[in-house]
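S.K.: My questions all concern the structure below.
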Amino acid sequence: MSTGLTYHTYDTDHMTPAEIYGHVLAELAEERKEIVGLTADLAKSTKIGKFGSKFPHRFFNVGIAEQNLFGMAAGLALAGFIPFVSTFAVFASLRAGEQVRTDICYMNLNCKIIATHSGISFGQAGSTHHCTEDLAVMRSFPNMTVIAPADGYETANAVIACVDHPGPVYIRIGRGFEQTVYTGPDYGFQIGKAVTMHEGSDITVMAIGPCVLHAVEAAKRLKEQGISVRVLNMHTIKPIDKEAVLAAVNDTRRIITVEPHNIYGGLGSAVAETIVEAGKACRLKRLGLQDEFAIVGYTDDLYSYYKLDDNGIMEAVAEMLEVEVEEDEDWEDEI
Amino acid sequence: MPLTEQDIALLKEKAWLARRNTIQTLMWAGGGHAGGALSQIDILVALYYHYLKIDPKNPKWEDRDRVVLSKGHGGIGYAPILADVGYFDKELLKEFNHTGSPFGMHLDMLKVPGVDASTGSLGHGLSIAAGMALGARLKKKTWRVYCILGDGECHEGAVWEAAMSAAHYKLDNLTAFVDRNKHCIDGPTETVMALEPLKDKWISFGWHALVIDGHDFAQIGSAIDEALETKGRPTVIIAQTIKGKGVDFMEDDPAWHYGGIDSDKMELALKSIDRMYGKA
């Protein structure tokens, strides 16, 4: 790995991304004495408690007080530590949004926020605990890097990479129970660099989080129907991999983004901005929450209900392939 | 050790200078938080000219004491002190608030040497200070953290989240001041949203709490000495102050929470300050 650190390859069939995060952090902290951990009464839920039980003197549970959580993390960063802060995404981005912006991003502090229960992963809890706004919020804070890993392996890679990535980093993961898309950690994870999960030339599906697996499954099924789908894992939403986006525009002219987030402000928006600023026309469909609060339900049901699963993606692909796109011979010259 | 008469004489001289420089900066800036900048000055003067372990030639010296001006709008009264102790050239204050200047009304730690944390949004500083104090303990360092809060700022719930945690972690290396000038923007704190009994609130949150005259150096000094001696809990010094202290036409007048002065008004203000220090 780029950090020179090694870690165990965890049993991802039996461990959630959050559990893997907790273990990886505990291992990293063995070597990296400047790592401290903070949470606001969610040590167990976010799994940062695994670090906490190994390094109790470097772990601070500040109680149910998220504003103070991020303020104290800023103070510890100013004192030379690398704070890892974990709470639910909705509290990190909204309840303590100003502390994250003003205390951490404005001072450009070396603070890492690992937020769990993002998107609709806490399906039955309802909208008070869903978070389909965090990418929009975090992406708008200068200095912030924003990552949404696809599975446990990628969570491990992102957590390791963020330690030596200067400045604030926001990593959003789910509540758990997500299946894995990778078979191991060695696929060349790099912050800011999209990963091609499936080659294709008819259309590109760009996804984050658990939607990456759904996109890959959809691409495999569509291949049997003779449809060639490129699937990109856009794990880093900021900075967005412009090269990968524009290559997709050039090669396939049709793009679908898939994210467990409002269609405003997240992956779809970042991709749209990139395409429009390049001055290139392309068909684009953003799958996500269509500017609404999600219904309550089992998480898997919600993915299906909001058409963020294999079937939903296949349906969107079929619809988009019905639409004609203009060819542009001068692409290479103009870009 | 209590301040000697000589110490107090020096601090008074520096407070006179700091008030004058604040008024001058206010004119250069075209406006600012005059009232709160003048009420906090004696606290900052006592810290910067007597108590703090700092090295202005090496602003990032790891073992330095830290100051978090949580009432960040006091920046216009803070920057002149940082200049005078040697962090930067006083001439730079002429650019205060100007377009592209490093100095805005809320000081930015990435742009102004000597500033330990960027503040301005109320209710943030005590958490940051508590994190710094916790960091000192983890690193087994003896540096101390001082945090200056506004009294109106204590309306913010986040102040009490931080107060709870500083007591919980027994941060006796953290000292907070409340600049109790009794006014927020819209009027007296007790009319807008009552803070009293303020000392009792801090005590019930687990702090060692003192109430002093925030313009009396002997009292400021002995309160800081008491904070240095207090073990196992943080100390809060509620400094009873007068908003606009030193400028007769600003004192206790909420209209001077924020305002600008021209050169005539500046002369009047400087004369008032000189009279207060027997210099006129």
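If you're wondering about the labels, chains in the structure tokens are A, B, ... by order shown, residues count from 1 in each chain, ligands from 1 in order shown.
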Write down, as number ranges by chain, each residue of chain B that has any atom within 7 Å of an atom of chain A, counting only C-alpha atoms.
M.R.: B: 110, 118, 124, 127-132, 135, 158, 161-162, 165
S.K.: Please produce a file of the residues just selected, as a PDB file, in the first residue's frame, where the atoms kept are C-alpha atoms.
M.R.:
ATOM      1  CA  LEU B 110      -3.526  30.656   8.391  1.00  0.00           C
ATOM      2  CA  SER B 118      -9.549  30.788  13.416  1.00  0.00           C
ATOM      3  CA  HIS B 124     -16.800  27.041  18.644  1.00  0.00           C
ATOM      4  CA  SER B 127     -14.348  22.952  22.116  1.00  0.00           C
ATOM      5  CA  ILE B 128     -11.207  23.743  20.122  1.00  0.00           C
ATOM      6  CA  ALA B 129      -9.438  24.883  23.283  1.00  0.00           C
ATOM      7  CA  ALA B 130     -10.534  21.726  25.102  1.00  0.00           C
ATOM      8  CA  GLY B 131      -9.127  19.628  22.249  1.00  0.00           C
ATOM      9  CA  MET B 132      -5.821  21.506  22.483  1.00  0.00           C
ATOM     10  CA  GLY B 135      -3.665  17.188  23.213  1.00  0.00           C
ATOM     11  CA  ALA B 158     -22.118  24.272  22.047  1.00  0.00           C
ATOM     12  CA  GLU B 161     -21.191  20.832  25.404  1.00  0.00           C
ATOM     13  CA  ALA B 162     -17.572  21.948  25.614  1.00  0.00           C
ATOM     14  CA  SER B 165     -16.384  17.763  28.348  1.00  0.00           C
TER      15      SER B 165
END
S.K.: Using backbone DSSP assignments, extract all strand (DSSP E or B) residues from region 126-299 of chain A; output them as a ChimeraX atom specification.
M.R.: /A:131,145-147,169-172,195-198,203-207,229-233,236-238,254-262,283-289
S.K.: Name the residues in contact with Tyr170 (chain A) at a cut-off of 8 Å, using only C-alpha atoms, excluding same-chain residues fewer than 2 positions from it; report them as a list in words.
M.R.: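 My list of contacting residues is Lys112, Ile113, Ile114, Ala115, Met138, Met144, Thr145, Val146, Ile147, Pro168 and Arg172 of chain A.
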S.K.: Could you write out that same residue set with C-alpha atoms as a short mmCIF file (atom, residue, chain, number, x, y, z; two decimals), in the first residue's frame?
M.R.:
data_model
loop_
_atom_site.label_atom_id
_atom_site.label_comp_id
_atom_site.auth_asym_id
_atom_site.auth_seq_id
_atom_site.Cartn_x
_atom_site.Cartn_y
_atom_site.Cartn_z
CA LYS A 112 -10.53 12.34 9.05
CA ILE A 113 -14.27 11.89 9.30
CA ILE A 114 -15.54 8.36 8.90
CA ALA A 115 -19.31 8.65 8.82
CA MET A 138 -19.15 18.02 2.24
CA MET A 144 -12.40 18.64 1.89
CA THR A 145 -11.80 15.34 0.07
CA VAL A 146 -14.96 13.22 -0.22
CA ILE A 147 -14.91 9.44 -0.61
CA PRO A 168 -9.65 16.96 5.93
CA ARG A 172 -19.08 7.86 3.99
#
S.K.: If we count only C-alpha atoms, what is near Val211 (chain B) at a cut-off of 9 Å, once residues fewer than 5 positions away on the same chain are taken out, given as a PDB file with all heavy atoms, in the first residue's frame?
M.R.:
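Result file selection.pdb:
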ATOM      1  N   LYS B 199     -22.204  32.194  37.193  1.00  0.00           N
ATOM      2  CA  LYS B 199     -21.158  31.477  37.940  1.00  0.00           C
ATOM      3  C   LYS B 199     -21.676  30.099  38.381  1.00  0.00           C
ATOM      4  O   LYS B 199     -20.979  29.092  38.253  1.00  0.00           O
ATOM      5  CB  LYS B 199     -20.742  32.311  39.155  1.00  0.00           C
ATOM      6  CG  LYS B 199     -19.611  31.678  39.961  1.00  0.00           C
ATOM      7  CD  LYS B 199     -19.283  32.483  41.208  1.00  0.00           C
ATOM      8  CE  LYS B 199     -18.224  31.791  42.038  1.00  0.00           C
ATOM      9  NZ  LYS B 199     -17.988  32.493  43.309  1.00  0.00           N
ATOM     10  N   ALA B 223      -6.548  35.814  39.827  1.00  0.00           N
ATOM     11  CA  ALA B 223      -7.450  34.786  39.285  1.00  0.00           C
ATOM     12  C   ALA B 223      -6.670  33.796  38.401  1.00  0.00           C
ATOM     13  O   ALA B 223      -6.881  32.582  38.484  1.00  0.00           O
ATOM     14  CB  ALA B 223      -8.565  35.448  38.471  1.00  0.00           C
ATOM     15  N   VAL B 236     -12.895  28.778  35.186  1.00  0.00           N
ATOM     16  CA  VAL B 236     -13.467  29.867  34.396  1.00  0.00           C
ATOM     17  C   VAL B 236     -13.390  31.142  35.228  1.00  0.00           C
ATOM     18  O   VAL B 236     -13.690  31.141  36.423  1.00  0.00           O
ATOM     19  CB  VAL B 236     -14.915  29.578  33.955  1.00  0.00           C
ATOM     20  CG1 VAL B 236     -15.852  29.395  35.140  1.00  0.00           C
ATOM     21  CG2 VAL B 236     -15.432  30.685  33.025  1.00  0.00           C
ATOM     22  N   ILE B 237     -12.927  32.195  34.578  1.00  0.00           N
ATOM     23  CA  ILE B 237     -12.825  33.497  35.236  1.00  0.00           C
ATOM     24  C   ILE B 237     -13.864  34.398  34.575  1.00  0.00           C
ATOM     25  O   ILE B 237     -13.719  34.765  33.402  1.00  0.00           O
ATOM     26  CB  ILE B 237     -11.405  34.070  35.082  1.00  0.00           C
ATOM     27  CG1 ILE B 237     -10.380  33.122  35.735  1.00  0.00           C
ATOM     28  CG2 ILE B 237     -11.335  35.478  35.693  1.00  0.00           C
ATOM     29  CD1 ILE B 237      -8.933  33.417  35.377  1.00  0.00           C
ATOM     30  N   ILE B 238     -14.922  34.675  35.301  1.00  0.00           N
ATOM     31  CA  ILE B 238     -15.957  35.557  34.768  1.00  0.00           C
ATOM     32  C   ILE B 238     -15.514  36.984  35.079  1.00  0.00           C
ATOM     33  O   ILE B 238     -15.489  37.405  36.236  1.00  0.00           O
ATOM     34  CB  ILE B 238     -17.334  35.230  35.385  1.00  0.00           C
ATOM     35  CG1 ILE B 238     -17.716  33.781  35.042  1.00  0.00           C
ATOM     36  CG2 ILE B 238     -18.398  36.211  34.878  1.00  0.00           C
ATOM     37  CD1 ILE B 238     -18.933  33.262  35.782  1.00  0.00           C
ATOM     38  N   ALA B 239     -15.109  37.667  34.012  1.00  0.00           N
ATOM     39  CA  ALA B 239     -14.522  39.001  34.176  1.00  0.00           C
ATOM     40  C   ALA B 239     -15.607  40.046  33.935  1.00  0.00           C
ATOM     41  O   ALA B 239     -16.079  40.210  32.816  1.00  0.00           O
ATOM     42  CB  ALA B 239     -13.364  39.174  33.196  1.00  0.00           C
ATOM     43  N   GLN B 240     -16.010  40.712  35.001  1.00  0.00           N
ATOM     44  CA  GLN B 240     -17.012  41.773  34.874  1.00  0.00           C
ATOM     45  C   GLN B 240     -16.335  42.941  34.166  1.00  0.00           C
ATOM     46  O   GLN B 240     -15.355  43.494  34.666  1.00  0.00           O
ATOM     47  CB  GLN B 240     -17.491  42.236  36.256  1.00  0.00           C
ATOM     48  CG  GLN B 240     -18.028  41.121  37.130  1.00  0.00           C
ATOM     49  CD  GLN B 240     -19.474  40.776  36.844  1.00  0.00           C
ATOM     50  OE1 GLN B 240     -20.055  41.284  35.875  1.00  0.00           O
ATOM     51  NE2 GLN B 240     -20.058  39.920  37.653  1.00  0.00           N
TER      52      GLN B 240
END
S.K.: What's around Ser204 (chain B) at 12 Å? Count only C-alpha atoms, leave out sequence neighbours fewer than 3 positions away in its own chain, and write the answer as a PDB file with C-alpha atoms, in the first residue's frame.
M.R.:
ATOM      1  CA  TRP B 160     -22.019  23.981  27.340  1.00  0.00           C
ATOM      2  CA  ALA B 163     -17.885  22.973  29.266  1.00  0.00           C
ATOM      3  CA  MET B 164     -19.215  19.535  30.129  1.00  0.00           C
ATOM      4  CA  ALA B 167     -14.777  19.121  33.253  1.00  0.00           C
ATOM      5  CA  PRO B 197     -26.730  32.922  37.648  1.00  0.00           C
ATOM      6  CA  LEU B 198     -23.744  32.450  35.331  1.00  0.00           C
ATOM      7  CA  LYS B 199     -21.158  31.477  37.940  1.00  0.00           C
ATOM      8  CA  ASP B 200     -23.502  28.826  39.316  1.00  0.00           C
ATOM      9  CA  LYS B 201     -23.971  27.418  35.839  1.00  0.00           C
ATOM     10  CA  TRP B 207     -15.655  24.066  36.742  1.00  0.00           C
ATOM     11  CA  HIS B 208     -13.786  26.094  39.305  1.00  0.00           C
ATOM     12  CA  ALA B 209     -15.394  29.504  38.826  1.00  0.00           C
TER      13      ALA B 209
END
S.K.: So, counting only C-alpha atoms, which residue among B:Val145, B:Leu44, B:Met27, B:Leu11 is closest to Arg64 (chain B)?
M.R.: B:Val145
S.K.: Would you tabulate, counting only C-alpha atoms, all residues of region 173-204 of chain A that have an atom at most 8 Å from an atom of region 118-128 of chain A, showing the closest pair of atoms and their distance in Å to one decimal, sorted by chain then ascending number, as JSON lines?
M.R.:
{"residue": "A:Ile173", "atom": "CA", "partner": "A:Ser118", "partner_atom": "CA", "distance": 5.9}
{"residue": "A:Gly174", "atom": "CA", "partner": "A:Ser118", "partner_atom": "CA", "distance": 5.1}
{"residue": "A:Arg175", "atom": "CA", "partner": "A:Ser121", "partner_atom": "CA", "distance": 5.4}
{"residue": "A:Gly176", "atom": "CA", "partner": "A:Ser121", "partner_atom": "CA", "distance": 7.6}
S.K.: Would you save the residues of that selection, restricted to all heavy atoms, as a PDB file, in the first residue's frame?
M.R.:
ATOM      1  N   ILE A 173     -19.662   5.678   4.781  1.00  0.00           N
ATOM      2  CA  ILE A 173     -19.962   4.259   4.609  1.00  0.00           C
ATOM      3  C   ILE A 173     -21.375   3.994   5.115  1.00  0.00           C
ATOM      4  O   ILE A 173     -22.031   4.880   5.661  1.00  0.00           O
ATOM      5  CB  ILE A 173     -18.911   3.345   5.298  1.00  0.00           C
ATOM      6  CG1 ILE A 173     -18.732   3.695   6.763  1.00  0.00           C
ATOM      7  CG2 ILE A 173     -17.589   3.432   4.591  1.00  0.00           C
ATOM      8  CD1 ILE A 173     -17.676   2.844   7.460  1.00  0.00           C
ATOM      9  N   GLY A 174     -21.819   2.762   4.915  1.00  0.00           N
ATOM     10  CA  GLY A 174     -23.202   2.443   5.255  1.00  0.00           C
ATOM     11  C   GLY A 174     -23.341   1.932   6.678  1.00  0.00           C
ATOM     12  O   GLY A 174     -22.458   2.096   7.521  1.00  0.00           O
ATOM     13  N   ARG A 175     -24.483   1.314   6.911  1.00  0.00           N
ATOM     14  CA  ARG A 175     -24.750   0.803   8.245  1.00  0.00           C
ATOM     15  C   ARG A 175     -24.128  -0.575   8.404  1.00  0.00           C
ATOM     16  O   ARG A 175     -23.903  -1.052   9.510  1.00  0.00           O
ATOM     17  CB  ARG A 175     -26.256   0.708   8.444  1.00  0.00           C
ATOM     18  CG  ARG A 175     -26.615   0.328   9.855  1.00  0.00           C
ATOM     19  CD  ARG A 175     -28.099   0.091   9.977  1.00  0.00           C
ATOM     20  NE  ARG A 175     -28.435  -0.266  11.357  1.00  0.00           N
ATOM     21  CZ  ARG A 175     -29.487  -0.973  11.694  1.00  0.00           C
ATOM     22  NH1 ARG A 175     -30.310  -1.401  10.753  1.00  0.00           N
ATOM     23  NH2 ARG A 175     -29.741  -1.253  12.945  1.00  0.00           N
ATOM     24  N   GLY A 176     -23.866  -1.235   7.286  1.00  0.00           N
ATOM     25  CA  GLY A 176     -23.327  -2.582   7.353  1.00  0.00           C
ATOM     26  C   GLY A 176     -24.135  -3.488   6.464  1.00  0.00           C
ATOM     27  O   GLY A 176     -25.011  -3.024   5.739  1.00  0.00           O
TER      28      GLY A 176
END
S.K.: Set the distance at 12 Å and use only C-alpha atoms: which residues neighbour Ala29 (chain A) once local chain neighbours fewer than 2 positions away are removed? I'd like the list as a compact mmCIF listing (two decimals) with N, CA, C and O atoms, in the first residue's frame.
M.R.:
# COMPACT_ATOMS: atom_id res chain seq x y z
N LEU A 5 2.07 0.47 5.04
CA LEU A 5 1.49 -0.30 6.13
C LEU A 5 0.87 -1.57 5.58
O LEU A 5 0.43 -1.62 4.44
N THR A 6 0.82 -2.57 6.41
CA THR A 6 0.14 -3.78 5.99
C THR A 6 -1.04 -4.01 6.91
O THR A 6 -1.06 -3.52 8.03
N TYR A 7 -2.01 -4.69 6.46
CA TYR A 7 -3.14 -5.04 7.33
C TYR A 7 -3.70 -6.37 6.88
O TYR A 7 -3.45 -6.83 5.77
N TYR A 21 -13.43 -1.02 9.04
CA TYR A 21 -12.87 0.30 9.39
C TYR A 21 -12.31 0.28 10.81
O TYR A 21 -11.16 0.68 11.04
N GLY A 22 -13.11 -0.21 11.75
CA GLY A 22 -12.66 -0.23 13.15
C GLY A 22 -11.37 -1.01 13.32
O GLY A 22 -10.44 -0.56 13.99
N HIS A 23 -11.30 -2.16 12.68
CA HIS A 23 -10.10 -3.00 12.79
C HIS A 23 -8.90 -2.35 12.10
O HIS A 23 -7.79 -2.35 12.63
N VAL A 24 -9.13 -1.82 10.91
CA VAL A 24 -8.02 -1.20 10.16
C VAL A 24 -7.47 -0.01 10.95
O VAL A 24 -6.25 0.16 11.07
N LEU A 25 -8.37 0.78 11.50
CA LEU A 25 -7.92 1.94 12.28
C LEU A 25 -7.10 1.50 13.48
O LEU A 25 -6.04 2.07 13.78
N ALA A 26 -7.57 0.45 14.15
CA ALA A 26 -6.84 -0.06 15.31
C ALA A 26 -5.45 -0.53 14.91
O ALA A 26 -4.48 -0.35 15.64
N GLU A 27 -5.33 -1.13 13.71
CA GLU A 27 -4.01 -1.58 13.24
C GLU A 27 -3.12 -0.41 12.86
O GLU A 27 -1.94 -0.37 13.19
N GLU A 31 1.14 1.71 14.59
CA GLU A 31 2.34 2.39 14.09
C GLU A 31 2.24 3.90 14.19
O GLU A 31 3.23 4.56 14.42
N ARG A 32 1.04 4.41 13.95
CA ARG A 32 0.87 5.85 13.86
C ARG A 32 0.35 6.40 15.19
O ARG A 32 -0.84 6.45 15.44
N LYS A 33 1.30 6.80 16.01
CA LYS A 33 0.96 7.22 17.37
C LYS A 33 0.16 8.53 17.39
O LYS A 33 -0.40 8.90 18.41
N GLU A 34 0.17 9.24 16.25
CA GLU A 34 -0.54 10.52 16.24
C GLU A 34 -2.04 10.36 15.97
O GLU A 34 -2.78 11.32 16.00
N ILE A 35 -2.45 9.12 15.72
CA ILE A 35 -3.88 8.90 15.49
C ILE A 35 -4.62 8.89 16.83
O ILE A 35 -4.22 8.21 17.78
N VAL A 36 -5.68 9.69 16.90
CA VAL A 36 -6.60 9.63 18.04
C VAL A 36 -8.01 9.41 17.46
O VAL A 36 -8.25 9.66 16.28
N GLY A 37 -8.90 8.92 18.28
CA GLY A 37 -10.26 8.64 17.82
C GLY A 37 -11.28 9.36 18.67
O GLY A 37 -11.08 9.53 19.88
N ILE A 48 -15.85 2.49 15.67
CA ILE A 48 -14.59 3.11 16.08
C ILE A 48 -14.22 2.61 17.48
O ILE A 48 -13.07 2.72 17.92
N LYS A 50 -13.66 -0.27 18.25
CA LYS A 50 -12.60 -1.29 18.15
C LYS A 50 -11.23 -0.64 18.34
O LYS A 50 -10.34 -1.23 18.95
N PHE A 51 -11.08 0.55 17.81
CA PHE A 51 -9.86 1.33 18.08
C PHE A 51 -9.85 1.73 19.55
O PHE A 51 -8.83 1.63 20.23
N GLY A 52 -11.02 2.16 20.02
CA GLY A 52 -11.12 2.65 21.40
C GLY A 52 -10.75 1.62 22.44
O GLY A 52 -10.08 1.94 23.42
N LYS A 54 -8.73 -0.81 22.06
CA LYS A 54 -7.30 -1.13 21.97
C LYS A 54 -6.44 0.04 22.49
O LYS A 54 -5.38 -0.18 23.07
N PHE A 55 -6.92 1.26 22.26
CA PHE A 55 -6.15 2.44 22.68
C PHE A 55 -7.04 3.37 23.51
O PHE A 55 -7.34 4.50 23.08
N PRO A 56 -7.45 2.92 24.68
CA PRO A 56 -8.42 3.72 25.45
C PRO A 56 -7.92 5.12 25.78
O PRO A 56 -8.72 6.06 25.83
N ARG A 58 -6.24 7.03 23.93
CA ARG A 58 -6.26 7.89 22.73
C ARG A 58 -7.65 7.99 22.13
O ARG A 58 -7.82 8.38 20.98
N PHE A 59 -8.63 7.60 22.90
CA PHE A 59 -10.00 7.55 22.39
C PHE A 59 -10.92 8.38 23.27
O PHE A 59 -10.89 8.26 24.50
N PHE A 81 -2.19 16.04 16.37
CA PHE A 81 -2.70 14.68 16.20
C PHE A 81 -3.45 14.54 14.87
O PHE A 81 -3.78 15.54 14.23
N ILE A 82 -3.71 13.29 14.47
CA ILE A 82 -4.60 13.02 13.34
C ILE A 82 -5.87 12.42 13.92
O ILE A 82 -5.93 11.22 14.20
N PRO A 83 -6.89 13.25 14.13
CA PRO A 83 -8.13 12.72 14.69
C PRO A 83 -8.96 11.98 13.65
O PRO A 83 -9.14 12.47 12.53
N PHE A 84 -9.44 10.80 14.01
CA PHE A 84 -10.47 10.09 13.25
C PHE A 84 -11.76 10.27 14.03
O PHE A 84 -11.82 9.93 15.22
N VAL A 159 -9.44 4.18 4.20
CA VAL A 159 -9.02 4.57 5.55
C VAL A 159 -7.50 4.63 5.63
O VAL A 159 -6.92 5.57 6.19
N ILE A 160 -6.85 3.65 5.01
CA ILE A 160 -5.38 3.64 5.02
C ILE A 160 -4.83 4.83 4.21
O ILE A 160 -3.93 5.54 4.65
N VAL A 163 -4.89 8.55 5.77
CA VAL A 163 -3.97 8.94 6.85
C VAL A 163 -2.89 9.89 6.33
O VAL A 163 -2.56 10.89 6.97
S.K.: Of the candidates A:Glu19, A:Asp134, A:Glu273, A:Glu199, which shows the shortest atom-to-atom distance to Tyr153 (chain A), using only C-alpha atoms?
M.R.: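 Ranked by minimum distance to Tyr153 (chain A), first place goes to A:Glu19.
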S.K.: Report, in Å with one decimal, the straight-line distance from CA of Pro113 (chain B) to CA of Arg144 (chain B).
M.R.: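 Those two atoms sit 18.5 Å apart.
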S.K.: Which residues come within 9 Å of region 305-320 of chain A, counting only C-alpha atoms, excluding same-chain residues fewer than 4 positions away, as number ranges by chain?
M.R.: A: 203-205, 210-211, 213-219, 221-222, 229, 254-256, 258-260, 283-285, 287-290, 294, 300-301, 324
S.K.: Point out the residue among B:Asp172, B:Asp179, B:Asp252, B:Glu153 with the least atom-to-atom distance to Ile220 (chain B), counting only C-alpha atoms.
M.R.: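 Among the listed residues, the smallest separation from Ile220 (chain B) belongs to B:Asp179.
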S.K.: If I take CA of Val45 (chain B) and CA of Ala15 (chain B), how far is one from the other in Å, to one decimal?
M.R.: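 CA of Ala15 (chain B) lies 6.1 Å from CA of Val45 (chain B).
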S.K.: Can you check which residues of region 168-323 of chain A DSSP gives as helix (DSSP H, G or I) on the backbone and send them as an mmCIF file with C-alpha atoms, in the first residue's frame?
M.R.:
data_model
loop_
_atom_site.group_PDB
_atom_site.id
_atom_site.type_symbol
_atom_site.label_atom_id
_atom_site.label_comp_id
_atom_site.auth_asym_id
_atom_site.auth_seq_id
_atom_site.Cartn_x
_atom_site.Cartn_y
_atom_site.Cartn_z
ATOM 1 C CA CYS A 211 -24.583 0.840 -6.050
ATOM 2 C CA VAL A 212 -21.254 -0.243 -7.543
ATOM 3 C CA LEU A 213 -22.101 -3.898 -6.989
ATOM 4 C CA HIS A 214 -25.582 -3.380 -8.398
ATOM 5 C CA ALA A 215 -24.097 -1.726 -11.468
ATOM 6 C CA VAL A 216 -21.652 -4.582 -12.005
ATOM 7 C CA GLU A 217 -24.422 -7.161 -11.682
ATOM 8 C CA ALA A 218 -26.578 -5.178 -14.108
ATOM 9 C CA ALA A 219 -23.683 -4.941 -16.589
ATOM 10 C CA LYS A 220 -23.143 -8.715 -16.464
ATOM 11 C CA ARG A 221 -26.812 -9.395 -17.150
ATOM 12 C CA LEU A 222 -26.940 -6.803 -19.917
ATOM 13 C CA LYS A 223 -23.890 -8.334 -21.557
ATOM 14 C CA GLU A 224 -25.901 -11.518 -22.012
ATOM 15 C CA LYS A 242 -12.474 14.235 -14.746
ATOM 16 C CA GLU A 243 -10.385 12.108 -17.047
ATOM 17 C CA ALA A 244 -12.544 9.052 -16.459
ATOM 18 C CA VAL A 245 -15.749 11.064 -16.876
ATOM 19 C CA LEU A 246 -14.661 12.657 -20.154
ATOM 20 C CA ALA A 247 -13.328 9.367 -21.488
ATOM 21 C CA ALA A 248 -16.764 7.883 -20.794
ATOM 22 C CA VAL A 249 -18.425 10.756 -22.638
ATOM 23 C CA ASN A 250 -16.103 10.252 -25.568
ATOM 24 C CA ASP A 251 -16.397 6.477 -25.677
ATOM 25 C CA THR A 252 -20.059 5.886 -24.853
ATOM 26 C CA LEU A 267 -22.070 12.184 -7.708
ATOM 27 C CA GLY A 268 -24.575 13.019 -10.450
ATOM 28 C CA SER A 269 -24.025 16.718 -10.005
ATOM 29 C CA ALA A 270 -20.243 16.371 -9.965
ATOM 30 C CA VAL A 271 -20.344 14.345 -13.176
ATOM 31 C CA ALA A 272 -22.788 16.781 -14.837
ATOM 32 C CA GLU A 273 -20.602 19.756 -13.948
ATOM 33 C CA THR A 274 -17.564 18.033 -15.423
ATOM 34 C CA ILE A 275 -19.329 17.220 -18.678
ATOM 35 C CA VAL A 276 -20.881 20.650 -19.152
ATOM 36 C CA GLU A 277 -17.687 22.523 -18.343
ATOM 37 C CA THR A 299 -32.532 -1.134 3.043
ATOM 38 C CA ASP A 300 -32.550 -3.661 0.200
ATOM 39 C CA ASP A 301 -36.188 -2.839 -0.467
ATOM 40 C CA LEU A 302 -35.345 0.842 -0.597
ATOM 41 C CA TYR A 303 -32.599 0.268 -3.162
ATOM 42 C CA SER A 304 -35.169 -1.518 -5.262
ATOM 43 C CA TYR A 305 -37.919 1.067 -4.618
ATOM 44 C CA ASP A 310 -29.609 -4.182 -10.617
ATOM 45 C CA ASN A 311 -33.133 -4.044 -12.034
ATOM 46 C CA GLY A 312 -33.416 -0.280 -11.662
ATOM 47 C CA ILE A 313 -30.096 0.239 -13.390
ATOM 48 C CA MET A 314 -31.006 -2.181 -16.206
ATOM 49 C CA GLU A 315 -34.263 -0.342 -16.715
ATOM 50 C CA ALA A 316 -32.485 3.019 -16.904
ATOM 51 C CA VAL A 317 -29.934 1.606 -19.363
ATOM 52 C CA ALA A 318 -32.681 0.271 -21.608
ATOM 53 C CA GLU A 319 -34.455 3.639 -21.577
ATOM 54 C CA MET A 320 -31.323 5.541 -22.398
ATOM 55 C CA LEU A 321 -30.337 3.256 -25.243
#
S.K.: Separation of CA of Pro234 (chain B) and CA of Thr191 (chain B), in Å?
M.R.: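 If I compute the distance from CA of Pro234 (chain B) to CA of Thr191 (chain B), I get 28.9 Å.
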